[in-house]
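Here the structure is laid out as structure tokens; the discussion comes afterwards.
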Amino acid sequence: MTTRSVSAFLAPRRRLQLAGLLTPPVLWLGLVYVVALAALLVTAFWTVDELTGQVQIEWTTDNVVEVLTEALYRTVTLRTLGIAVLVTVLDIIVAVPVAFFMAKIARPRMRHLLVIAVLAPLWASYLVKVYAWRALLSSEGLIEWAVSPFGLDTPGYGIVGVVLTLSYLWLPYVIMPIYAGFDRVPDRLLEASADLGAKGWTTLIAVVMPMIRPAIIAGSIFAFSLSLGDYITTGIVGGTTQMLGNLVYANVGAANNLPLAAAISLIPIGIILLYLAAVRRTGALRSL
Amino acid sequence: MQIGRVARYVLGTITLVVLGLIYLPLGVVFLNSISTSETLSWPPPGFTLEWWGKALHSEGAFEALGMSVMVAVAASTIALVLGTLAAMALSRYRFFGKESVNLLIVLPIALPGIVTGIALNNAFRTLMGVQLGVWTLIVAHATFCIVTVYNNAFARLNASGTRLEEASQDLGAGLFTTFRLVTFPHLKSALLAGGLLAFALSFDEIIVTTFTAGPGVTTLPLWILQNMFRPNQAPVVAVIAVILAVLSVVPLAIAQRLTAKDAEAVSR
Amino acid sequence: MSKSPSRTALRAGIATAAVASLAACGTSDSGSGSEAAASLGAAEGTVSILAWPGYVEDGSNDPEVDWVSAFEESTGCMVTSKTYGTSDEAYQLMQSGGYDVVAASGDLTLRLIAGDLVQPVNTDLLENYDGIFDFLKDKEWNSVDGVSYGVPHGYGANLLMYNTDEVTPAPTSWDVVFDKASDYSGKVTAYDSPIYIADAAMYLMTHNPDLGIENPYALDQDQFDAAVELLKTQRDSVGEYWSDYLKEIQAFETGDSVVGTTWQVIQNSITSGNTEVVLPDEGATGWSDTWMVASDSEAPNCAYAWLDYIASPEANAQATAYFGEAPSSQEACDFRDDCEAYHAGDAEYAEQIWYWTTPVSDCVDGRTDVECVDYSEWTKAWQEIKG
């Protein structure tokens, strides 16, 4: 069959076209990802042979009950959530004015430079940047040097350090969708609003914000979910801080207890699914 | 747009300060790369070019770089194909379960890397019974890269509407011809932007990578992680990071230029 | 695991049936179901090694640091290697399979043996085994019931490091990180692993003899709880836990940490000059690493070749010097000029070290009337200690 005849055969058959388009990606994601996730969730209800560390298919709710009832997991979940929310909020506060400047004030030439400037640090290796932050936060670091004349101290290694470092790492991921969001707001709309007598800030809040809300939420998904699962940054600048990622990691590795790790994973999975469900209607999922 | 002079200056200053903050840690990395301290200690006790010399002769780093590029190219290519197909399906057709498909595409990036990592690790080893290797890594990366391509392509397809495609078909062009001559040229820059983001995402990923790369598969982030634990290698790692950040400007600039040209063409 | 090792061996036409088929045996009976190789055959051509960073260097990171190339040339076994950051990560990687040889610390070896991930090693087949220090051979972390599971590589102690400006007088006891830790609140550091619970248990051996701890890796529930309690108190004073030594070096150089556990190599790398290390009166925990052969190894001959090579004085000296630990033989010291700093071969010094051993429910101190707390409980407790 030639391409032409395939094309002629398919042309009137929209369902078949759709099936052709949809099958590869859905099959891929289904086979690779959904199956893997489902298997992980099932594993949460299995046990581990104490001697060999092999996963055994013996149904139990012990792991899940342990995760739900023990104080350790509650504390760490709340701490992780707090850190993730703080990081997200901080990133949005910083990203919105920058993205607005890039999209609506900077001239085209400057705009291109700014986009490159924001994206370039993404390539300078995550780990190297975290170690750079370790140097910055140290009691002999740049931050201490800069703030000590004002009688302040570096936050040092701990939750504050983790929040600052994570915000730094994910900032480009938050700026870019918001920038794209502002870029999609037509200048004419702003002008019309101004012509009708709205002041700058009123325009911004009443007209622009609702339009870029999906973009902001899209950015927040990045910052929030990347923070929720992090365990490497916590290890380097977190002092004694533990996050959910550390617990999952420790249980896969140290205890070699995949079922318990899977049970702990249910927490971030649940949080993210709730979050996605809440923002689904805003169209944010299409702005990532 | 009517933005007051004060507001312009305020926003301009904020942007400048934020950019300054973004580059401050990178400045630290650069100083580390020429510091005589082998452990990234601050402040640098002295300066040397020793690490640059070592880095440029580090076979391990270049092999890892090659591996990272290979994995990122392969993963982005798969993501480009799957992401484009999904975007076409969701933007041009109506069907039941659209939201679910959208969620399915977003999920791999929205769920924490460690969850994706252990889920895939478990699935590869126990369900499929395959040895971890370079392919498992590529499959894992492609899975979370689909979303960046999909979103860029979807936004472009939605913005452009279907009129041109309909016209093409009315004039007798087949489905594939229409795609090749009408849809694709229009989509090109969006795909480039999405592909580049996918490439970057794969290139610097470490958590999922830790769990899905087989023995002997060392991507650059893994190499960096390993060398952070080796004596006297930390400054060499800093050199590599500086080189990467500087080099990344080239593809970014090219992509920007192409996207900008395209965007102008679209708006005209 | 997808391929049977014996089939691979046959296909390659190598007469190593003994190695291969026995390696495929799988019982969880502490490895007594599998036997070591009786003889060796031709090299398979490749060997995949899992090790601590700095153990398998082929010059690709630093052209001057290379002891793999010589091995490849002399044996024809091409080496691919992967490194790990903690014993726990190594365990996970070994489970994924695909490695022929692993360098395991004592907190990993018994787990690997119990999980049937490694096979017994016939040390008679290794020329360089005889030269190894006797005090490293046939220990509870590298053998089970007299069956050897590997070759000792290097060893060292988890010493006490302190900042000479901040911590005076010079400490001789671990009490500066336990009972007196609050003096240095926020600047105490400790090793970030469940195995660190043994450090607290060892401290209690001296300071709370009523508990009756005989071996810090064999703790019954009461003894274990006491150690955990001690660490929970300590946590209030801990600034950070460390696992990679870059972090530890930075912290001591900047003064973010002033007292805590360390390794000799860290002291050697610190340039600020105001730190000292000491082996306190209570003794210390430490590690003695072992080269082991994976039970599903498809290249047992190359694996044995590596075990023998890395035990040879020159290669052992290069590897242990680069990593910063004592070598496994006196002959190796001929190729090193820093053996003294590491107290290599000093049997008395070595005796004060409680080498990392995996805690299992059969108490390793020989008690049979109680059940000991196993490593999975140690892990859970460690997470709770960190909170």
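Residue numbers start at 1 in each chain; chains themselves are named A, B, ... in the order of the structure tokens; ligands are numbered from 1 in the order shown.
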Exercise. Got a sec: who's within 12 Å of Gly66 of chain B, counting only C-alpha atoms, leaving out chain neighbours fewer than 2 positions off, as a PyMOL selection string?
Worked result: chain B and resi 59-64+68-73+203+217-221+223
Write the residues of the preceding selection, restricted to N, CA and C atoms, as a tab-separated table (two decimals), in the first residue's frame.
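Produced file again-v3.tsv, reproduced below:
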chain	number	residue	atom	x	y	z
B	59	GLU	N	39.10	11.86	30.84
B	59	GLU	CA	38.37	10.97	29.94
B	59	GLU	C	36.99	10.63	30.50
B	60	GLY	N	36.97	10.38	31.82
B	60	GLY	CA	35.73	9.99	32.46
B	60	GLY	C	34.64	11.01	32.22
B	61	ALA	N	35.01	12.29	32.36
B	61	ALA	CA	34.03	13.35	32.20
B	61	ALA	C	33.51	13.38	30.77
B	62	PHE	N	34.41	13.21	29.81
B	62	PHE	CA	33.97	13.31	28.42
B	62	PHE	C	33.15	12.08	28.02
B	63	GLU	N	33.54	10.93	28.54
B	63	GLU	CA	32.73	9.74	28.28
B	63	GLU	C	31.33	9.92	28.85
B	64	ALA	N	31.28	10.45	30.07
B	64	ALA	CA	29.98	10.66	30.72
B	64	ALA	C	29.17	11.69	29.94
B	68	SER	N	25.56	11.13	28.38
B	68	SER	CA	24.42	12.01	28.69
B	68	SER	C	23.78	12.54	27.42
B	69	VAL	N	24.62	12.97	26.48
B	69	VAL	CA	24.08	13.51	25.23
B	69	VAL	C	23.32	12.42	24.50
B	70	MET	N	23.91	11.22	24.45
B	70	MET	CA	23.27	10.12	23.75
B	70	MET	C	21.90	9.81	24.37
B	71	VAL	N	21.88	9.68	25.69
B	71	VAL	CA	20.62	9.37	26.37
B	71	VAL	C	19.61	10.49	26.15
B	72	ALA	N	20.06	11.74	26.28
B	72	ALA	CA	19.15	12.86	26.15
B	72	ALA	C	18.60	12.96	24.73
B	73	VAL	N	19.46	12.72	23.74
B	73	VAL	CA	18.99	12.77	22.34
B	73	VAL	C	17.96	11.66	22.11
B	203	PHE	N	19.10	15.68	30.55
B	203	PHE	CA	20.54	15.89	30.69
B	203	PHE	C	20.98	16.05	32.14
B	217	VAL	N	26.71	2.34	33.04
B	217	VAL	CA	26.08	3.48	32.38
B	217	VAL	C	26.27	4.71	33.27
B	218	THR	N	27.21	5.56	32.90
B	218	THR	CA	27.49	6.73	33.71
B	218	THR	C	27.15	7.99	32.94
B	219	THR	N	26.06	8.62	33.32
B	219	THR	CA	25.74	9.91	32.71
B	219	THR	C	26.52	10.98	33.45
B	220	LEU	N	26.52	12.17	32.91
B	220	LEU	CA	27.31	13.23	33.54
B	220	LEU	C	26.89	13.50	34.99
B	221	PRO	N	25.59	13.62	35.28
B	221	PRO	CA	25.23	13.82	36.69
B	221	PRO	C	25.71	12.68	37.59
B	223	TRP	N	28.35	10.83	37.04
B	223	TRP	CA	29.80	11.01	37.13
B	223	TRP	C	30.12	12.09	38.16
Exercise. Hey, what's within 9 Å of segment 234-239 of chain B if we count only C-alpha atoms and toss same-chain stuff fewer than 6 positions away? As a ChimeraX atom specification, please?
Worked result: /A:124,128 /B:29-40,50-56,58,61,223-224,227-228 /C:246
With C-alpha atoms retained, could you export that selection as a PDB file, in the first residue's frame?
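Done, and the output landed in out_9.pdb:
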ATOM      1  CA  ALA A 124      25.197  23.811  35.374  1.00  0.00           C
ATOM      2  CA  VAL A 128      27.266  21.461  41.692  1.00  0.00           C
TER       3      VAL A 128
ATOM      4  CA  VAL B  29      31.133  27.540  41.237  1.00  0.00           C
ATOM      5  CA  PHE B  30      33.441  29.432  38.905  1.00  0.00           C
ATOM      6  CA  LEU B  31      35.640  30.555  41.797  1.00  0.00           C
ATOM      7  CA  ASN B  32      35.757  26.964  43.041  1.00  0.00           C
ATOM      8  CA  SER B  33      36.983  25.887  39.643  1.00  0.00           C
ATOM      9  CA  ILE B  34      40.040  28.121  39.977  1.00  0.00           C
ATOM     10  CA  SER B  35      40.493  27.822  43.742  1.00  0.00           C
ATOM     11  CA  THR B  36      43.461  26.028  45.229  1.00  0.00           C
ATOM     12  CA  SER B  37      41.131  24.428  47.788  1.00  0.00           C
ATOM     13  CA  GLU B  38      40.309  20.874  46.803  1.00  0.00           C
ATOM     14  CA  THR B  39      37.079  20.821  48.754  1.00  0.00           C
ATOM     15  CA  LEU B  40      35.211  23.887  47.545  1.00  0.00           C
ATOM     16  CA  GLU B  50      45.325  23.161  37.643  1.00  0.00           C
ATOM     17  CA  TRP B  51      41.709  21.930  37.692  1.00  0.00           C
ATOM     18  CA  TRP B  52      40.967  23.295  34.246  1.00  0.00           C
ATOM     19  CA  GLY B  53      43.929  21.376  32.908  1.00  0.00           C
ATOM     20  CA  LYS B  54      42.817  18.218  34.682  1.00  0.00           C
ATOM     21  CA  ALA B  55      39.212  18.587  33.572  1.00  0.00           C
ATOM     22  CA  LEU B  56      40.188  18.966  29.943  1.00  0.00           C
ATOM     23  CA  SER B  58      39.415  13.857  32.132  1.00  0.00           C
ATOM     24  CA  ALA B  61      34.027  13.352  32.202  1.00  0.00           C
ATOM     25  CA  TRP B 223      29.800  11.007  37.125  1.00  0.00           C
ATOM     26  CA  ILE B 224      29.579  14.248  39.066  1.00  0.00           C
ATOM     27  CA  ASN B 227      33.426  12.378  41.788  1.00  0.00           C
ATOM     28  CA  MET B 228      32.075  14.416  44.648  1.00  0.00           C
TER      29      MET B 228
ATOM     30  CA  LEU C 246      33.501  16.341  50.912  1.00  0.00           C
TER      31      LEU C 246
END
Problem set entry | Interface residues on chain C facing chain A, 6 Å, only C-alpha atoms, written as a ChimeraX atom specification | /C:88-89,92,114-115,239-240,254,376,379
With N, CA and C atoms retained, could you export that selection as a compact mmCIF listing (two decimals), in the first residue's frame?
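File produced: part.txt:
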# COMPACT_ATOMS: atom_id res chain seq x y z
N ASP C 88 24.22 0.86 51.85
CA ASP C 88 22.82 0.56 51.58
C ASP C 88 22.51 0.65 50.10
N GLU C 89 23.10 1.66 49.47
CA GLU C 89 22.92 1.81 48.04
C GLU C 89 23.53 0.61 47.31
N GLN C 92 21.27 -2.35 47.29
CA GLN C 92 20.20 -2.19 46.31
C GLN C 92 20.72 -2.50 44.91
N ALA C 114 23.41 -13.30 53.27
CA ALA C 114 22.07 -13.76 53.63
C ALA C 114 21.13 -13.67 52.44
N GLY C 115 21.32 -12.66 51.62
CA GLY C 115 20.45 -12.48 50.46
C GLY C 115 20.88 -13.36 49.30
N GLY C 239 24.76 19.31 64.49
CA GLY C 239 24.54 20.33 63.46
C GLY C 239 24.14 19.68 62.16
N GLU C 240 24.88 18.65 61.78
CA GLU C 240 24.48 17.88 60.61
C GLU C 240 25.09 16.50 60.68
N THR C 254 35.34 25.08 57.70
CA THR C 254 34.65 26.33 57.96
C THR C 254 34.27 26.48 59.43
N SER C 376 17.04 -4.09 59.88
CA SER C 376 15.88 -3.32 59.44
C SER C 376 15.33 -2.49 60.60
N THR C 379 17.54 0.50 60.99
CA THR C 379 17.20 1.53 60.01
C THR C 379 16.01 2.35 60.47
Please provide as an mmCIF file with N, CA and C atoms, in the first residue's frame all residues within 6 Å of segment 77-81 of chain C, with the sequence filter that same-chain residues fewer than 6 positions apart are discarded (counting only C-alpha atoms).
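In the end it all went to part_1.cif:
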data_model
loop_
_atom_site.group_PDB
_atom_site.id
_atom_site.type_symbol
_atom_site.label_atom_id
_atom_site.label_comp_id
_atom_site.auth_asym_id
_atom_site.auth_seq_id
_atom_site.Cartn_x
_atom_site.Cartn_y
_atom_site.Cartn_z
ATOM 1 N N GLY B 216 27.802 0.402 34.621
ATOM 2 C CA GLY B 216 28.604 0.871 33.497
ATOM 3 C C GLY B 216 27.981 2.018 32.735
ATOM 4 N N GLY C 45 36.780 -12.201 29.588
ATOM 5 C CA GLY C 45 36.969 -11.008 28.761
ATOM 6 C C GLY C 45 36.464 -9.721 29.380
ATOM 7 N N THR C 46 35.415 -9.821 30.213
ATOM 8 C CA THR C 46 34.959 -8.608 30.882
ATOM 9 C C THR C 46 34.628 -8.932 32.330
ATOM 10 N N VAL C 47 34.687 -7.900 33.164
ATOM 11 C CA VAL C 47 34.273 -8.059 34.544
ATOM 12 C C VAL C 47 33.650 -6.742 34.994
ATOM 13 N N SER C 48 32.508 -6.846 35.657
ATOM 14 C CA SER C 48 31.789 -5.654 36.087
ATOM 15 C C SER C 48 31.918 -5.529 37.606
ATOM 16 N N ILE C 49 32.437 -4.392 38.043
ATOM 17 C CA ILE C 49 32.771 -4.238 39.455
ATOM 18 C C ILE C 49 31.973 -3.114 40.104
ATOM 19 N N LEU C 50 31.464 -3.398 41.280
ATOM 20 C CA LEU C 50 30.755 -2.387 42.070
ATOM 21 C C LEU C 50 31.612 -2.078 43.296
ATOM 22 N N CYS C 302 37.307 -13.980 35.643
ATOM 23 C CA CYS C 302 37.801 -12.607 35.699
ATOM 24 C C CYS C 302 37.594 -12.045 37.106
#
Going by DSSP on the backbone, which bits of segment 34-102 of chain A are strand (DSSP E)? Write them as a PDB file with N, CA and C atoms, in the first residue's frame, please.
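Written output follows (result-v1.pdb):
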ATOM      1  N   THR A  47       5.091  -8.104  51.821  1.00  0.00           N
ATOM      2  CA  THR A  47       6.071  -8.096  52.910  1.00  0.00           C
ATOM      3  C   THR A  47       7.460  -8.423  52.387  1.00  0.00           C
ATOM      4  N   VAL A  48       8.408  -8.287  53.316  1.00  0.00           N
ATOM      5  CA  VAL A  48       9.776  -8.576  52.957  1.00  0.00           C
ATOM      6  C   VAL A  48      10.274  -9.714  53.836  1.00  0.00           C
ATOM      7  N   VAL A  55      11.311  -9.448  48.387  1.00  0.00           N
ATOM      8  CA  VAL A  55       9.901  -9.130  48.536  1.00  0.00           C
ATOM      9  C   VAL A  55       9.088 -10.410  48.443  1.00  0.00           C
ATOM     10  N   GLN A  56       8.141 -10.571  49.373  1.00  0.00           N
ATOM     11  CA  GLN A  56       7.318 -11.772  49.343  1.00  0.00           C
ATOM     12  C   GLN A  56       5.859 -11.402  49.141  1.00  0.00           C
TER      13      GLN A  56
END
Exercise. Can you list, as a PyMOL selection string, every protein, DNA or RNA residue that comes within 12 Å of Gly255 of chain C when you count only C-alpha atoms, leaving out same-chain residues fewer than 4 positions away?
Worked result: (chain A and resi 138-141+156) or (chain B and resi 41-42) or (chain C and resi 162-167+184+186-189+239+248-251+259+270+272-275)
If you keep N, CA and C atoms, can you produce a file of those selected residues as a PDB file, in the first residue's frame?
ATOM      1  N   SER A 138      27.443  28.405  54.583  1.00  0.00           N
ATOM      2  CA  SER A 138      28.368  28.066  55.670  1.00  0.00           C
ATOM      3  C   SER A 138      28.609  29.250  56.603  1.00  0.00           C
ATOM      4  N   SER A 139      29.055  28.936  57.816  1.00  0.00           N
ATOM      5  CA  SER A 139      29.248  30.013  58.788  1.00  0.00           C
ATOM      6  C   SER A 139      30.423  30.907  58.393  1.00  0.00           C
ATOM      7  N   GLU A 140      31.211  30.483  57.412  1.00  0.00           N
ATOM      8  CA  GLU A 140      32.238  31.378  56.891  1.00  0.00           C
ATOM      9  C   GLU A 140      31.942  31.731  55.444  1.00  0.00           C
ATOM     10  N   GLY A 141      30.694  31.567  55.041  1.00  0.00           N
ATOM     11  CA  GLY A 141      30.330  31.760  53.646  1.00  0.00           C
ATOM     12  C   GLY A 141      29.982  33.200  53.316  1.00  0.00           C
ATOM     13  N   GLY A 156      22.452  29.021  57.960  1.00  0.00           N
ATOM     14  CA  GLY A 156      23.157  27.759  58.178  1.00  0.00           C
ATOM     15  C   GLY A 156      22.460  26.586  57.520  1.00  0.00           C
TER      16      GLY A 156
ATOM     17  N   SER B  41      36.109  24.858  49.583  1.00  0.00           N
ATOM     18  CA  SER B  41      35.999  25.672  50.794  1.00  0.00           C
ATOM     19  C   SER B  41      35.925  27.151  50.441  1.00  0.00           C
ATOM     20  N   TRP B  42      35.243  27.875  51.294  1.00  0.00           N
ATOM     21  CA  TRP B  42      35.057  29.294  51.075  1.00  0.00           C
ATOM     22  C   TRP B  42      35.701  30.065  52.216  1.00  0.00           C
TER      23      TRP B  42
ATOM     24  N   TYR C 162      38.365  16.614  66.125  1.00  0.00           N
ATOM     25  CA  TYR C 162      37.948  17.806  66.853  1.00  0.00           C
ATOM     26  C   TYR C 162      38.728  19.009  66.372  1.00  0.00           C
ATOM     27  N   ASN C 163      38.108  20.155  66.568  1.00  0.00           N
ATOM     28  CA  ASN C 163      38.710  21.433  66.217  1.00  0.00           C
ATOM     29  C   ASN C 163      39.550  21.876  67.411  1.00  0.00           C
ATOM     30  N   THR C 164      40.861  22.022  67.217  1.00  0.00           N
ATOM     31  CA  THR C 164      41.758  22.279  68.351  1.00  0.00           C
ATOM     32  C   THR C 164      41.530  23.644  68.998  1.00  0.00           C
ATOM     33  N   ASP C 165      40.885  24.579  68.282  1.00  0.00           N
ATOM     34  CA  ASP C 165      40.604  25.888  68.884  1.00  0.00           C
ATOM     35  C   ASP C 165      39.387  25.833  69.801  1.00  0.00           C
ATOM     36  N   GLU C 166      38.420  25.013  69.397  1.00  0.00           N
ATOM     37  CA  GLU C 166      37.134  25.018  70.095  1.00  0.00           C
ATOM     38  C   GLU C 166      37.044  23.937  71.168  1.00  0.00           C
ATOM     39  N   VAL C 167      37.686  22.818  70.920  1.00  0.00           N
ATOM     40  CA  VAL C 167      37.525  21.683  71.826  1.00  0.00           C
ATOM     41  C   VAL C 167      38.800  21.515  72.651  1.00  0.00           C
ATOM     42  N   TYR C 184      28.945  21.715  72.725  1.00  0.00           N
ATOM     43  CA  TYR C 184      29.245  22.112  71.343  1.00  0.00           C
ATOM     44  C   TYR C 184      27.967  22.086  70.522  1.00  0.00           C
ATOM     45  N   GLY C 186      24.987  22.224  68.185  1.00  0.00           N
ATOM     46  CA  GLY C 186      24.871  22.716  66.815  1.00  0.00           C
ATOM     47  C   GLY C 186      26.128  22.502  65.995  1.00  0.00           C
ATOM     48  N   LYS C 187      27.206  22.059  66.653  1.00  0.00           N
ATOM     49  CA  LYS C 187      28.453  21.875  65.910  1.00  0.00           C
ATOM     50  C   LYS C 187      29.003  20.458  66.026  1.00  0.00           C
ATOM     51  N   VAL C 188      28.154  19.561  66.515  1.00  0.00           N
ATOM     52  CA  VAL C 188      28.546  18.155  66.588  1.00  0.00           C
ATOM     53  C   VAL C 188      28.122  17.495  65.281  1.00  0.00           C
ATOM     54  N   THR C 189      28.946  16.586  64.791  1.00  0.00           N
ATOM     55  CA  THR C 189      28.555  15.876  63.584  1.00  0.00           C
ATOM     56  C   THR C 189      28.661  14.368  63.809  1.00  0.00           C
ATOM     57  N   GLY C 239      24.763  19.315  64.489  1.00  0.00           N
ATOM     58  CA  GLY C 239      24.540  20.329  63.462  1.00  0.00           C
ATOM     59  C   GLY C 239      24.138  19.681  62.159  1.00  0.00           C
ATOM     60  N   GLU C 248      32.007  16.644  55.002  1.00  0.00           N
ATOM     61  CA  GLU C 248      32.663  16.648  56.298  1.00  0.00           C
ATOM     62  C   GLU C 248      33.899  17.559  56.288  1.00  0.00           C
ATOM     63  N   ILE C 249      34.671  17.484  55.208  1.00  0.00           N
ATOM     64  CA  ILE C 249      35.873  18.321  55.125  1.00  0.00           C
ATOM     65  C   ILE C 249      35.479  19.795  55.152  1.00  0.00           C
ATOM     66  N   GLN C 250      34.489  20.134  54.330  1.00  0.00           N
ATOM     67  CA  GLN C 250      34.016  21.523  54.293  1.00  0.00           C
ATOM     68  C   GLN C 250      33.580  21.989  55.668  1.00  0.00           C
ATOM     69  N   ALA C 251      32.794  21.134  56.334  1.00  0.00           N
ATOM     70  CA  ALA C 251      32.217  21.533  57.611  1.00  0.00           C
ATOM     71  C   ALA C 251      33.307  21.792  58.649  1.00  0.00           C
ATOM     72  N   VAL C 259      33.312  18.891  66.262  1.00  0.00           N
ATOM     73  CA  VAL C 259      33.649  17.610  66.862  1.00  0.00           C
ATOM     74  C   VAL C 259      32.723  16.530  66.314  1.00  0.00           C
ATOM     75  N   ILE C 270      42.232  17.903  55.174  1.00  0.00           N
ATOM     76  CA  ILE C 270      41.872  19.220  55.695  1.00  0.00           C
ATOM     77  C   ILE C 270      43.102  20.125  55.709  1.00  0.00           C
ATOM     78  N   SER C 272      43.000  23.449  56.793  1.00  0.00           N
ATOM     79  CA  SER C 272      42.944  24.592  57.702  1.00  0.00           C
ATOM     80  C   SER C 272      43.867  24.417  58.913  1.00  0.00           C
ATOM     81  N   GLY C 273      44.310  23.183  59.175  1.00  0.00           N
ATOM     82  CA  GLY C 273      45.344  22.982  60.180  1.00  0.00           C
ATOM     83  C   GLY C 273      44.907  23.041  61.627  1.00  0.00           C
ATOM     84  N   ASN C 274      43.637  23.220  61.894  1.00  0.00           N
ATOM     85  CA  ASN C 274      43.219  23.292  63.294  1.00  0.00           C
ATOM     86  C   ASN C 274      42.333  22.110  63.688  1.00  0.00           C
ATOM     87  N   THR C 275      42.598  20.966  63.072  1.00  0.00           N
ATOM     88  CA  THR C 275      41.853  19.771  63.457  1.00  0.00           C
ATOM     89  C   THR C 275      42.827  18.664  63.839  1.00  0.00           C
TER      90      THR C 275
END
At most 7 Å is the cut-off: for each residue in chain C with any atom that close to an atom of chain B, write down the nearest atom pair and the distance in Å rounded to one decimal, counting only C-alpha atoms, chain first then increasing number, as JSON lines.
{"residue": "C:Ser2", "atom": "CA", "partner": "B:Gly129", "partner_atom": "CA", "distance": 6.7}
{"residue": "C:Pro53", "atom": "CA", "partner": "B:Arg230", "partner_atom": "CA", "distance": 5.8}
{"residue": "C:Gly54", "atom": "CA", "partner": "B:Arg230", "partner_atom": "CA", "distance": 5.9}
{"residue": "C:Ser60", "atom": "CA", "partner": "B:Gly60", "partner_atom": "CA", "distance": 4.5}
{"residue": "C:Asn61", "atom": "CA", "partner": "B:Ser58", "partner_atom": "CA", "distance": 5.1}
{"residue": "C:Asp62", "atom": "CA", "partner": "B:Ser58", "partner_atom": "CA", "distance": 6.3}
{"residue": "C:Thr80", "atom": "CA", "partner": "B:Gly216", "partner_atom": "CA", "distance": 5.6}
{"residue": "C:Ser81", "atom": "CA", "partner": "B:Gly216", "partner_atom": "CA", "distance": 5.7}
{"residue": "C:Lys82", "atom": "CA", "partner": "B:Gly216", "partner_atom": "CA", "distance": 5.8}
{"residue": "C:Thr83", "atom": "CA", "partner": "B:Gln226", "partner_atom": "CA", "distance": 6.6}
{"residue": "C:Ser96", "atom": "CA", "partner": "B:Arg125", "partner_atom": "CA", "distance": 6.8}
{"residue": "C:Gly98", "atom": "CA", "partner": "B:Pro215", "partner_atom": "CA", "distance": 6.6}
{"residue": "C:Asp244", "atom": "CA", "partner": "B:Phe229", "partner_atom": "CA", "distance": 6.0}
{"residue": "C:Tyr245", "atom": "CA", "partner": "B:Phe229", "partner_atom": "CA", "distance": 6.6}
{"residue": "C:Leu246", "atom": "CA", "partner": "B:Thr39", "partner_atom": "CA", "distance": 6.1}
{"residue": "C:Ile249", "atom": "CA", "partner": "B:Thr39", "partner_atom": "CA", "distance": 6.9}
{"residue": "C:Gln250", "atom": "CA", "partner": "B:Ser41", "partner_atom": "CA", "distance": 5.8}
For this session: Restrict the distance test to only C-alpha atoms, flag each residue of chain B within 7 Å of chain A, and return the flagged residues as a ChimeraX atom specification.
Result: /B:1-3,11-12,14-15,25,28-29,41-42,82,85-86,89,93,106,110-115,119-120,123,143,148,151,174-176,200,204,221,238,241-242,244-245,248-249,252-253,256
Exercise. Which residues come within 9 Å of Leu164 of chain B, counting only C-alpha atoms, excluding same-chain residues fewer than 5 positions away, as a ChimeraX atom specification?
Worked result: /B:169,182-183
Exercise. What does the distance between atom CA of Ile207 of chain B and atom CA of Val65 of chain A come to in Å, to one decimal place?
Worked result: 27.3 Å
Exercise. Closest to Val101 of chain B among B:Val147, B:Val246, B:Ala142, B:Leu127, using only C-alpha atoms?
Worked result: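 Closest to Val101 of chain B of all the choices is B:Val147.
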Problem set entry | Atomic distance atom CA of Ala381 of chain C - atom CA of Trp46 of chain A, expressed in Å with one decimal |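 Distance reported for this atom pair: 21.4 Å.
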Exercise. Can you list every residue in segment 87-251 of chain A that DSSP puts in alpha helix (DSSP H), as a PyMOL selection string?
Worked result: chain A and resi 87-100+108-119+126-137+142-147+159-184+187-195+200-203+209-228+232-237+244-251
Exercise. If we count only C-alpha atoms, what is near Gly83 of chain B at a cut-off of 7 Å, once residues fewer than 5 positions away on the same chain are taken out, given as a PyMOL selection string?
Worked result: chain B and resi 146-147+149-150
Residues from last step as file, C-alpha atoms, as a PDB file, in the first residue's frame:
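Once written, part_19.pdb looks like this:
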ATOM      1  CA  ILE B 146       6.854  13.536  26.748  1.00  0.00           C
ATOM      2  CA  VAL B 147       5.026  16.243  28.640  1.00  0.00           C
ATOM      3  CA  VAL B 149       6.949  18.337  23.920  1.00  0.00           C
ATOM      4  CA  TYR B 150       3.245  17.665  24.252  1.00  0.00           C
TER       5      TYR B 150
END
Exercise. Could you pull the residues within 12 Å of Arg336 of chain C, counting only C-alpha atoms, minus those fewer than 2 positions along the same chain, as a PyMOL selection string?
Worked result: chain C and resi 313-322+324-327+329-334+338-342+344
